[in-house]
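Coordinates as given in protein30.cif (mmCIF, C-alpha atoms):
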data_upload
#
loop_
_atom_site.label_atom_id
_atom_site.label_comp_id
_atom_site.auth_asym_id
_atom_site.auth_seq_id
_atom_site.Cartn_x
_atom_site.Cartn_y
_atom_site.Cartn_z
CA MET R 1 -26.04 -23.76 22.45
CA VAL R 2 -29.02 -25.82 21.19
CA TRP R 3 -31.09 -25.04 24.27
CA LEU R 4 -30.29 -21.34 23.86
CA ARG R 5 -31.58 -21.29 20.30
CA ARG R 6 -34.77 -23.11 21.33
CA MET R 7 -35.34 -20.65 24.18
CA TYR R 8 -35.35 -17.68 21.78
CA ALA R 9 -37.01 -19.44 18.86
CA ARG R 10 -40.50 -19.85 20.40
CA PRO R 11 -40.99 -16.20 21.46
CA LEU R 12 -39.77 -15.17 18.02
CA PHE R 13 -42.36 -17.34 16.27
CA VAL R 14 -45.11 -15.90 18.53
CA VAL R 15 -44.12 -12.33 17.65
CA VAL R 16 -43.95 -13.09 13.93
CA GLY R 17 -47.37 -14.77 14.12
CA ILE R 18 -48.92 -11.72 15.80
CA PHE R 19 -47.46 -9.42 13.16
CA ARG R 20 -48.73 -11.59 10.30
CA ALA R 21 -52.19 -12.10 11.82
CA PHE R 22 -52.93 -8.46 12.45
CA SER R 23 -51.29 -7.19 9.31
CA SER R 24 -53.66 -9.40 7.31
CA LYS R 25 -56.66 -7.83 9.12
CA ALA R 26 -55.62 -4.31 8.25
CA GLY R 27 -57.85 -3.08 5.49
CA PRO R 28 -57.76 -0.13 3.14
CA GLY R 29 -57.43 3.14 4.93
CA SER R 30 -56.12 1.57 8.13
CA VAL R 31 -52.93 2.89 9.64
CA SER R 32 -50.14 0.36 9.11
CA ALA R 33 -48.17 0.72 12.30
CA ALA R 34 -46.41 -1.92 14.33
CA GLY R 35 -47.45 -0.14 17.52
CA TYR R 36 -51.16 -0.30 16.56
CA CYS R 37 -50.89 -4.01 15.77
CA PHE R 38 -49.61 -4.69 19.25
CA ALA R 39 -52.44 -2.58 20.71
CA ASP R 40 -55.08 -4.59 18.77
CA ALA R 41 -53.57 -7.77 20.16
CA GLY R 42 -54.04 -6.49 23.69
CA LEU R 43 -50.29 -6.05 24.18
CA SER R 44 -48.35 -3.01 25.24
CA PRO R 45 -46.67 -1.49 22.18
CA PRO R 46 -42.87 -1.29 22.36
CA PHE R 47 -43.09 2.25 21.04
CA SER R 48 -45.85 4.80 20.69
CA PRO R 49 -47.50 5.86 17.42
CA SER R 50 -45.60 9.12 17.71
CA SER R 51 -42.27 7.33 18.01
CA HIS R 52 -39.40 8.81 16.06
CA LEU R 53 -38.21 5.32 15.10
CA VAL R 54 -41.12 4.87 12.68
CA PRO R 55 -43.20 7.94 11.82
CA GLN R 56 -46.45 5.96 11.96
CA ALA R 57 -49.10 8.64 11.42
CA ARG R 58 -47.24 10.14 8.47
CA LEU R 59 -47.01 6.85 6.56
CA GLY R 60 -50.69 6.98 5.65
CA MET R 61 -50.37 3.67 3.81
CA SER R 62 -52.43 0.50 3.98
CA GLY R 63 -51.13 -3.01 4.01
CA GLY R 64 -50.50 -3.68 7.68
CA CYS R 65 -47.41 -4.16 9.75
CA GLY R 66 -45.63 -6.24 7.13
CA TYR R 67 -45.76 -3.28 4.78
CA THR R 68 -44.34 -1.03 7.47
CA LEU R 69 -41.45 -3.43 8.02
CA ALA R 70 -40.84 -3.52 4.28
CA ILE R 71 -40.66 0.27 4.23
CA MET R 72 -38.18 0.17 7.08
CA ASN R 73 -36.05 -2.43 5.27
CA ASP R 74 -36.00 -0.34 2.11
CA ALA R 75 -34.99 2.69 4.12
CA ILE R 76 -31.89 1.05 5.55
CA LYS R 77 -30.68 -0.59 2.34
CA PRO R 78 -27.42 1.03 1.20
CA GLY R 79 -27.77 2.90 -2.04
CA PRO R 80 -25.15 3.51 -4.70
CA GLU R 81 -22.14 5.40 -3.35
CA THR R 82 -21.76 8.87 -4.81
CA PRO R 83 -19.50 11.70 -3.68
CA LEU R 84 -22.53 13.79 -2.78
CA GLN R 85 -23.94 11.24 -0.32
CA ALA R 86 -23.25 11.73 3.36
CA GLY R 87 -20.51 14.24 2.63
CA LEU R 88 -18.25 11.72 0.92
CA PRO R 89 -15.23 13.28 -0.81
CA GLU R 90 -14.86 13.09 -4.56
CA LEU R 91 -11.07 13.38 -4.36
CA SER R 92 -8.65 11.84 -1.87
CA VAL R 93 -5.18 13.40 -1.86
CA VAL R 94 -2.56 10.98 -0.52
CA VAL R 95 0.63 12.55 0.84
CA PRO R 96 3.50 10.27 1.97
CA THR R 97 5.65 12.05 4.56
CA PHE R 98 8.89 11.62 6.46
CA ASN R 99 10.36 14.57 8.35
CA GLU R 100 8.11 17.11 6.61
CA ARG R 101 6.96 18.99 9.71
CA ASP R 102 7.51 22.43 8.15
CA ASN R 103 5.68 21.60 4.91
CA VAL R 104 2.42 19.84 5.81
CA THR R 105 0.55 22.93 7.01
CA VAL R 106 1.60 24.91 3.94
CA LEU R 107 0.45 22.08 1.66
CA TYR R 108 -2.88 21.81 3.50
CA ARG R 109 -3.56 25.51 2.98
CA ARG R 110 -2.67 25.26 -0.69
CA LEU R 111 -5.04 22.32 -1.13
CA GLU R 112 -7.79 24.22 0.68
CA ALA R 113 -7.41 27.15 -1.72
CA THR R 114 -7.07 25.06 -4.90
CA LEU R 115 -9.87 22.55 -4.24
CA SER R 116 -12.52 25.01 -3.08
CA GLY R 117 -15.06 23.70 -5.60
CA ILE R 118 -14.39 19.99 -5.02
CA ALA R 119 -15.33 17.71 -2.12
CA TRP R 120 -11.94 16.45 -0.94
CA GLU R 121 -9.94 14.87 1.83
CA VAL R 122 -6.20 14.60 2.41
CA VAL R 123 -4.58 11.45 3.84
CA PHE R 124 -1.08 12.00 5.22
CA VAL R 125 0.82 8.70 5.54
CA ASP R 126 3.74 9.29 7.88
CA ASP R 127 6.54 6.81 8.54
CA ASN R 128 6.83 7.76 12.22
CA SER R 129 8.89 10.86 11.47
CA PRO R 130 11.44 11.75 14.18
CA ASP R 131 10.59 15.43 13.69
CA GLY R 132 6.97 14.79 14.73
CA THR R 133 5.32 15.37 11.34
CA TRP R 134 2.43 13.16 12.45
CA GLU R 135 1.77 15.46 15.44
CA VAL R 136 1.34 18.46 13.12
CA VAL R 137 -1.02 16.47 10.91
CA ARG R 138 -3.02 15.31 13.91
CA ASN R 139 -3.44 18.90 15.09
CA LEU R 140 -4.75 19.82 11.63
CA ALA R 141 -7.16 16.89 11.76
CA ARG R 142 -8.62 18.15 15.04
CA LYS R 143 -9.57 21.38 13.28
CA ASP R 144 -10.65 19.94 9.91
CA SER R 145 -12.25 16.50 9.54
CA ARG R 146 -11.07 16.36 5.92
CA VAL R 147 -7.52 15.80 7.21
CA ARG R 148 -6.51 12.26 8.14
CA CYS R 149 -3.26 10.80 9.45
CA ILE R 150 -1.91 7.27 9.08
CA ARG R 151 1.15 6.82 11.29
CA ARG R 152 3.17 3.76 10.28
CA ILE R 153 5.35 2.05 12.87
CA GLY R 154 8.11 -0.31 11.75
CA ARG R 155 7.41 0.26 8.05
CA ARG R 156 9.23 2.53 5.64
CA GLY R 157 9.09 3.35 1.94
CA LEU R 158 7.23 5.73 -0.34
CA SER R 159 5.55 3.06 -2.46
CA GLY R 160 4.13 1.23 0.52
CA ALA R 161 2.91 4.52 2.02
CA CYS R 162 1.11 5.43 -1.21
CA ILE R 163 -0.52 2.01 -1.47
CA GLU R 164 -1.78 2.12 2.12
CA GLY R 165 -3.00 5.69 1.74
CA ILE R 166 -4.96 5.05 -1.45
CA LEU R 167 -6.53 1.87 -0.10
CA ALA R 168 -7.58 3.77 3.04
CA SER R 169 -9.08 6.66 1.08
CA SER R 170 -12.80 7.36 0.61
CA GLY R 171 -13.05 9.19 -2.72
CA PRO R 172 -13.49 7.56 -6.13
CA TYR R 173 -10.40 9.47 -7.32
CA ALA R 174 -7.04 9.36 -5.54
CA ALA R 175 -4.12 11.70 -6.15
CA VAL R 176 -0.54 11.23 -4.97
CA ILE R 177 1.49 14.34 -4.27
CA ASP R 178 4.71 14.89 -2.33
CA ALA R 179 4.80 16.98 0.83
CA ASP R 180 7.95 18.81 -0.25
CA LEU R 181 5.87 21.40 -2.21
CA GLN R 182 7.67 20.59 -5.48
CA HIS R 183 4.51 19.34 -7.22
CA ASP R 184 1.98 21.79 -8.64
CA GLU R 185 -1.23 21.28 -6.70
CA THR R 186 -3.08 23.75 -8.96
CA GLN R 187 -3.24 20.97 -11.58
CA LEU R 188 -5.45 18.81 -9.37
CA PRO R 189 -8.82 20.26 -10.56
CA LYS R 190 -7.79 19.61 -14.17
CA MET R 191 -6.90 16.03 -13.27
CA VAL R 192 -10.25 15.51 -11.56
CA ALA R 193 -12.08 16.83 -14.63
CA LEU R 194 -10.28 14.33 -16.89
CA LEU R 195 -11.18 11.40 -14.64
CA ARG R 196 -14.73 12.63 -14.10
CA SER R 197 -15.35 12.90 -17.84
CA GLY R 198 -14.13 9.34 -18.45
CA GLU R 199 -11.37 10.47 -20.80
CA ALA R 200 -8.76 8.93 -18.55
CA GLU R 201 -8.36 6.44 -15.72
CA LEU R 202 -4.88 7.69 -14.89
CA VAL R 203 -3.62 11.28 -15.18
CA VAL R 204 0.12 11.88 -14.86
CA GLY R 205 1.76 15.19 -14.05
CA SER R 206 4.64 15.22 -16.54
CA ARG R 207 7.87 17.19 -16.53
CA TYR R 208 8.95 15.93 -19.95
CA ILE R 209 6.16 16.93 -22.31
CA GLU R 210 5.62 20.32 -23.93
CA GLY R 211 4.82 22.87 -21.25
CA GLY R 212 6.46 20.85 -18.48
CA SER R 213 9.78 21.60 -16.81
CA ALA R 214 12.31 20.09 -14.40
CA ASP R 215 14.73 23.01 -14.39
CA SER R 216 15.00 22.88 -10.60
CA PHE R 217 16.97 19.62 -10.89
CA ASN R 218 20.73 19.82 -10.62
CA LYS R 219 22.67 18.23 -13.49
CA GLN R 220 23.32 14.98 -11.65
CA ARG R 221 19.70 14.41 -10.67
CA ALA R 222 18.41 15.51 -14.08
CA GLY R 223 20.71 13.04 -15.81
CA ALA R 224 19.74 10.19 -13.47
CA SER R 225 16.03 10.91 -13.93
CA GLN R 226 16.26 10.97 -17.72
CA LEU R 227 18.35 7.77 -17.77
CA ALA R 228 15.87 5.96 -15.54
CA THR R 229 12.99 7.17 -17.70
CA GLU R 230 14.67 5.88 -20.84
CA VAL R 231 15.47 2.50 -19.26
CA ALA R 232 11.87 2.12 -18.06
CA ARG R 233 10.43 3.02 -21.46
CA ARG R 234 12.68 0.63 -23.35
CA ALA R 235 12.81 -2.30 -20.93
CA LEU R 236 9.17 -2.26 -19.82
CA LYS R 237 7.65 -0.85 -23.03
CA VAL R 238 6.16 2.06 -21.09
CA GLU R 239 4.70 4.71 -23.39
CA VAL R 240 4.36 7.46 -20.78
CA ALA R 241 6.87 10.29 -21.18
CA ASP R 242 7.46 10.67 -17.42
CA PRO R 243 6.92 7.27 -15.72
CA MET R 244 9.20 8.37 -12.86
CA SER R 245 6.81 11.15 -11.85
CA GLY R 246 5.59 11.15 -8.28
CA PHE R 247 2.56 13.32 -9.11
CA PHE R 248 -0.50 11.55 -10.52
CA MET R 249 -4.20 10.83 -10.04
CA ILE R 250 -6.00 7.52 -10.60
CA ARG R 251 -9.46 6.05 -10.26
CA ARG R 252 -9.45 4.22 -6.95
CA ASP R 253 -11.36 1.20 -8.24
CA ARG R 254 -8.75 0.66 -10.95
CA PHE R 255 -5.94 1.03 -8.42
CA GLU R 256 -7.53 -1.54 -6.13
CA GLN R 257 -7.52 -4.05 -9.00
CA LEU R 258 -3.76 -3.56 -9.42
CA ALA R 259 -2.80 -3.22 -5.75
CA PRO R 260 -2.19 -6.93 -4.99
CA GLU R 261 0.53 -7.02 -7.67
CA LEU R 262 2.32 -3.82 -6.63
CA SER R 263 5.57 -3.72 -4.68
CA THR R 264 5.60 -2.00 -1.29
CA GLN R 265 9.36 -1.41 -1.57
CA GLY R 266 11.04 1.39 -3.47
CA PHE R 267 10.07 4.89 -4.53
CA LYS R 268 8.60 4.61 -8.02
CA ILE R 269 4.96 3.73 -7.41
CA LEU R 270 3.75 5.24 -10.71
CA LEU R 271 6.15 3.12 -12.79
CA ASP R 272 4.96 0.05 -10.90
CA VAL R 273 1.30 0.93 -11.58
CA ILE R 274 1.88 1.53 -15.30
CA ALA R 275 4.01 -1.60 -15.77
CA THR R 276 1.54 -3.77 -13.84
CA ALA R 277 -1.43 -2.46 -15.84
CA GLN R 278 0.34 -3.48 -19.10
CA GLY R 279 -1.25 -0.74 -21.17
CA LYS R 280 -4.80 -1.32 -19.90
CA LEU R 281 -5.14 2.07 -18.19
CA ARG R 282 -6.40 5.00 -20.25
CA THR R 283 -3.66 7.50 -19.50
CA ILE R 284 -3.32 11.23 -20.14
CA GLU R 285 -0.29 13.35 -19.26
CA ILE R 286 -0.56 17.03 -18.37
CA PRO R 287 2.47 19.33 -18.09
CA TYR R 288 3.62 20.92 -14.85
CA THR R 289 6.73 22.67 -13.58
CA PHE R 290 8.68 20.80 -10.95
CA GLY R 291 9.43 23.26 -8.16
CA SER R 292 12.25 23.65 -5.65
CA ARG R 293 12.12 22.14 -2.17
CA GLN R 294 11.22 24.77 0.44
CA HIS R 295 12.13 22.97 3.67
CA GLY R 296 13.88 19.77 4.75
CA GLU R 297 16.06 17.44 2.70
CA SER R 298 15.41 15.09 -0.21
CA LYS R 299 14.75 11.47 0.81
CA LEU R 300 16.36 10.15 -2.38
CA ASP R 301 19.82 8.62 -2.10
CA SER R 302 22.15 6.36 -4.06
CA MET R 303 20.20 3.27 -2.98
CA VAL R 304 17.20 4.42 -5.01
CA ALA R 305 19.07 3.39 -8.17
CA LEU R 306 19.23 -0.21 -6.94
CA ASP R 307 15.56 -0.07 -5.91
CA PHE R 308 14.74 1.08 -9.42
CA LEU R 309 16.84 -1.65 -11.04
CA GLY R 310 15.22 -4.28 -8.85
CA LEU R 311 11.75 -3.04 -9.78
CA VAL R 312 12.55 -3.20 -13.50
CA LEU R 313 13.89 -6.76 -13.16
CA ALA R 314 10.83 -7.81 -11.14
CA LYS R 315 8.48 -6.49 -13.81
CA LEU R 316 10.52 -8.13 -16.57
CA THR R 317 9.98 -11.48 -14.81
CA HIS R 318 6.23 -10.69 -14.50
CA ASP R 319 6.57 -10.54 -10.71
CA VAL R 320 7.62 -14.18 -10.46
CA VAL R 321 10.18 -12.94 -7.96
CA SER R 322 9.78 -9.93 -5.71
CA LEU R 323 11.91 -6.81 -5.64
CA ARG R 324 13.13 -7.69 -2.15
CA PHE R 325 14.16 -11.19 -3.25
CA LEU R 326 16.11 -9.78 -6.19
CA LEU R 327 17.97 -7.40 -3.89
CA PHE R 328 18.63 -10.26 -1.46
CA ALA R 329 20.03 -12.39 -4.30
CA MET R 330 22.19 -9.49 -5.53
CA VAL R 331 23.63 -9.13 -2.04
CA GLY R 332 24.26 -12.87 -2.04
CA GLY R 333 26.24 -12.45 -5.26
CA THR R 334 28.50 -9.90 -3.61
CA GLY R 335 28.84 -12.31 -0.68
CA LEU R 336 30.27 -14.94 -3.03
CA VAL R 337 32.95 -12.48 -4.16
CA VAL R 338 33.72 -11.57 -0.53
CA HIS R 339 33.90 -15.27 0.39
CA LEU R 340 36.34 -16.17 -2.39
CA THR R 341 38.49 -13.12 -1.68
CA ALA R 342 38.72 -13.94 2.05
CA LEU R 343 39.42 -17.60 1.23
CA PHE R 344 42.26 -16.62 -1.11
CA ILE R 345 43.85 -14.27 1.42
CA ALA R 346 43.60 -16.74 4.30
CA HIS R 347 44.69 -19.84 2.36
CA GLU R 348 47.18 -18.48 -0.16
CA ILE R 349 48.71 -15.50 1.65
CA PHE R 350 48.54 -16.55 5.30
CA GLN R 351 48.99 -20.27 4.46
CA MET R 352 46.10 -21.38 6.67
CA PRO R 353 44.64 -24.88 6.29
CA PHE R 354 41.78 -24.98 3.77
CA ALA R 355 39.11 -25.90 6.32
CA GLU R 356 39.97 -22.97 8.57
CA ALA R 357 40.31 -20.57 5.62
CA GLN R 358 36.94 -21.73 4.28
CA ALA R 359 35.27 -21.16 7.65
CA ILE R 360 36.76 -17.67 7.94
CA GLY R 361 35.66 -16.83 4.39
CA ALA R 362 32.12 -18.04 5.12
CA LEU R 363 31.93 -16.04 8.35
CA ILE R 364 33.15 -12.84 6.68
CA ALA R 365 30.77 -13.35 3.75
CA MET R 366 27.78 -13.87 6.07
CA THR R 367 28.69 -10.74 8.02
CA SER R 368 29.01 -8.75 4.79
CA ASN R 369 25.65 -10.06 3.56
CA PHE R 370 23.96 -9.14 6.84
CA ILE R 371 25.29 -5.56 6.75
CA LEU R 372 24.26 -5.03 3.12
CA ASN R 373 20.83 -6.59 3.59
CA ASN R 374 20.19 -4.48 6.67
CA PHE R 375 21.28 -1.37 4.78
CA LEU R 376 19.61 -2.11 1.43
CA THR R 377 17.25 -5.07 1.14
CA TYR R 378 15.44 -4.45 4.43
CA ARG R 379 16.03 -0.72 4.63
CA ASP R 380 12.37 -0.19 5.55
CA GLN R 381 12.81 -2.57 8.53
CA ARG R 382 16.41 -1.66 9.34
CA LEU R 383 17.73 -3.03 12.64
CA LYS R 384 19.32 -0.55 15.02
CA GLY R 385 21.10 -0.62 18.35
CA PHE R 386 21.19 -3.92 20.22
CA ALA R 387 18.84 -5.43 17.63
CA ILE R 388 21.75 -5.46 15.16
CA LEU R 389 23.76 -7.92 17.28
CA ARG R 390 20.74 -10.12 17.86
CA GLY R 391 19.90 -10.02 14.16
CA LEU R 392 23.48 -10.89 13.18
CA LEU R 393 23.51 -13.99 15.41
CA LEU R 394 20.15 -15.11 14.00
CA PHE R 395 21.46 -14.49 10.48
CA TYR R 396 24.48 -16.73 11.19
CA LEU R 397 22.11 -19.44 12.37
CA VAL R 398 19.81 -19.11 9.36
CA CYS R 399 22.71 -19.17 6.91
CA GLY R 400 24.27 -22.15 8.69
CA VAL R 401 21.12 -24.19 8.17
CA GLY R 402 20.94 -22.83 4.62
CA LEU R 403 24.45 -24.16 3.98
CA LEU R 404 23.34 -27.65 5.04
CA ALA R 405 20.33 -27.37 2.72
CA ASN R 406 22.63 -26.19 -0.07
CA VAL R 407 24.97 -29.17 0.29
CA GLY R 408 22.11 -31.66 0.71
CA VAL R 409 20.33 -30.58 -2.46
CA ALA R 410 23.59 -30.45 -4.42
CA PHE R 411 24.49 -34.01 -3.43
CA ALA R 412 20.97 -35.25 -4.28
CA VAL R 413 21.09 -33.67 -7.74
CA PHE R 414 24.64 -34.92 -8.37
CA ASP R 415 23.61 -38.50 -7.51
CA GLN R 416 20.85 -38.32 -10.13
CA GLU R 417 22.78 -36.37 -12.75
CA PRO R 418 26.56 -36.15 -12.20
CA ILE R 419 26.99 -32.67 -13.67
CA TRP R 420 28.91 -30.58 -11.16
CA TRP R 421 27.72 -27.14 -12.26
CA LEU R 422 24.06 -28.22 -12.34
CA ALA R 423 24.30 -29.72 -8.86
CA GLY R 424 26.11 -26.64 -7.58
CA ALA R 425 23.54 -24.26 -9.06
CA ALA R 426 20.66 -26.29 -7.59
CA GLY R 427 22.28 -26.21 -4.16
CA ALA R 428 22.97 -22.48 -4.39
CA LEU R 429 19.37 -21.78 -5.40
CA MET R 430 18.08 -23.83 -2.50
CA GLY R 431 20.40 -21.96 -0.15
CA VAL R 432 19.37 -18.48 -1.26
CA VAL R 433 15.65 -19.34 -1.14
CA TRP R 434 16.03 -20.78 2.36
CA ASN R 435 18.09 -17.84 3.60
CA TYR R 436 15.64 -15.33 2.14
CA ALA R 437 12.55 -16.99 3.59
CA MET R 438 14.03 -17.55 7.05
CA SER R 439 15.66 -14.12 7.22
CA GLY R 440 12.33 -12.44 6.61
CA LEU R 441 10.68 -14.68 9.19
CA PHE R 442 13.23 -14.46 12.02
CA VAL R 443 15.83 -11.73 11.41
CA TRP R 444 13.89 -8.85 9.81
CA ARG R 445 10.41 -9.92 10.80
CA LYS R 446 7.76 -7.21 10.71
CA ARG R 447 6.84 -5.92 14.12
#
Turn the structure described in the file into structure tokens.
Amino acid sequence: MVWLRRMYARPLFVVVGIFRAFSSKAGPGSVSAAGYCFADAGLSPPFSPSSHLVPQARLGMSGGCGYTLAIMNDAIKPGPETPLQAGLPELSVVVPTFNERDNVTVLYRRLEATLSGIAWEVVFVDDNSPDGTWEVVRNLARKDSRVRCIRRIGRRGLSGACIEGILASSGPYAAVIDADLQHDETQLPKMVALLRSGEAELVVGSRYIEGGSADSFNKQRAGASQLATEVARRALKVEVADPMSGFFMIRRDRFEQLAPELSTQGFKILLDVIATAQGKLRTIEIPYTFGSRQHGESKLDSMVALDFLGLVLAKLTHDVVSLRFLLFAMVGGTGLVVHLTALFIAHEIFQMPFAEAQAIGALIAMTSNFILNNFLTYRDQRLKGFAILRGLLLFYLVCGVGLLANVGVAFAVFDQEPIWWLAGAAGALMGVVWNYAMSGLFVWRKR
């Protein structure tokens, strides 16, 4: 490589010398053009004075070729980014989707009508919908460059979709809105105005302040939403009236500061943002009426409650442990109950030897843990088909090694400090950490 650098270095020095020599000869009133400098040197100019690369004759400036190069350098320096430059949007609307084929076109048309006076783009983040939602979005994008589609393979979850969409957006302001047409998109201009004026860094569409409404909820969902809101406000000291809202707008630069600490699991991205910011976001709530779903089915199920509980616990521990780890540990707790129950039945009822009963209990507990983790903890990477059997065998292997680690650590602690419960707890902690780390690496690894 040394000889290559030397080969190109000498011609470069000759060219630079020619430029400097002739630029110093250029006096007042002379045309400062690189092409003319080459001509004076008796060389063929690489481009003519009329070249479109450098409008030589129109410069009309003195100072030689060096000045021309300086002008060129200034011309290509990036300036401050503003929404008006190069057609950049002022607002990026992020829409997480899964099986929303019938809704995306309707939402696009509503955005087009509502945001007529604002430079905007819409980023649909689709979790590889079986109904082909991403195909509909892609067809829209072919007709309108303001429409973008991020199709996620092997990843699931509303929070992760929102994070990816906002980080991939172009505008200084990013709004999150559902594709189910239940959020009031006519509030978006008001939200933009609040961010633009500097009054707020986060604007939340609220169902629970004066003027807002969630009458479309059935009694069960209304009760669950209000309970979750109250738990979040009390446990996490959140002052927002509707931290469970899925309709909000935030300055993108402020979101990017918080993004590394946000969880990609779960559904409550706004609660995560507010709790992570710890009161450092200027927040304003505006009322809106939560509408009824027009097409498709709600993606919320009973597992969302556990996602929510895990998120609250994670934030209470200041993210020392992740939401996924907490869910994994909770599943491990149920596995202990399953293990002891199976051990009791095998040993006490069927009168099996302890060693055999213990092995059966461990096998049943590991199987139970695998099923629950696949259904809950790793629901966004859920194994299906033949992959379930392969994953189960790998999970047995991981947990088997974890058991050895558990016993080894417990014995080491007991030798130093013969307190049985302390040694047992240390071994159990080692086991769950090992099982969690290796399960994520080998069983539910991201593809």
Query raised in the report: Which polymer residues have any atom within 10 Å of an atom of range 179-185 of chain R, counting only C-alpha atoms, with same-chain residues fewer than 2 positions away left out, as a ChimeraX atom specification?
Result: /R:94-108,110-111,113-115,124,176-177,187-189,205,216,245-248,287-298
Atom pair CA of Val137 in chain R + CA of Cys162 in chain R, distance 16.5 Å
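Applied to the file shown here, the PyMOL selection byres ((chain R and resi 156) around 10) selects Phe98, Asp126, Asp127, Asn128, Arg152, Ile153, Gly154, Arg155, Gly157, Leu158, Ser159, Gly160, Ala161, Thr264, Gln265, Gly266, Tyr378, Arg379, Asp380, Gln381 and Arg382 of chain R.
The gap separating CA of Leu340 in chain R from CA of Ala425 in chain R is 16.5 Å, in Å to one decimal.
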Report task. With the file shown as input, list the residues that the PyMOL selection byres ((chain R and resi 334) around 12) selects, as a PyMOL selection string. Result -> chain R and resi 327-333+335-341+364-373
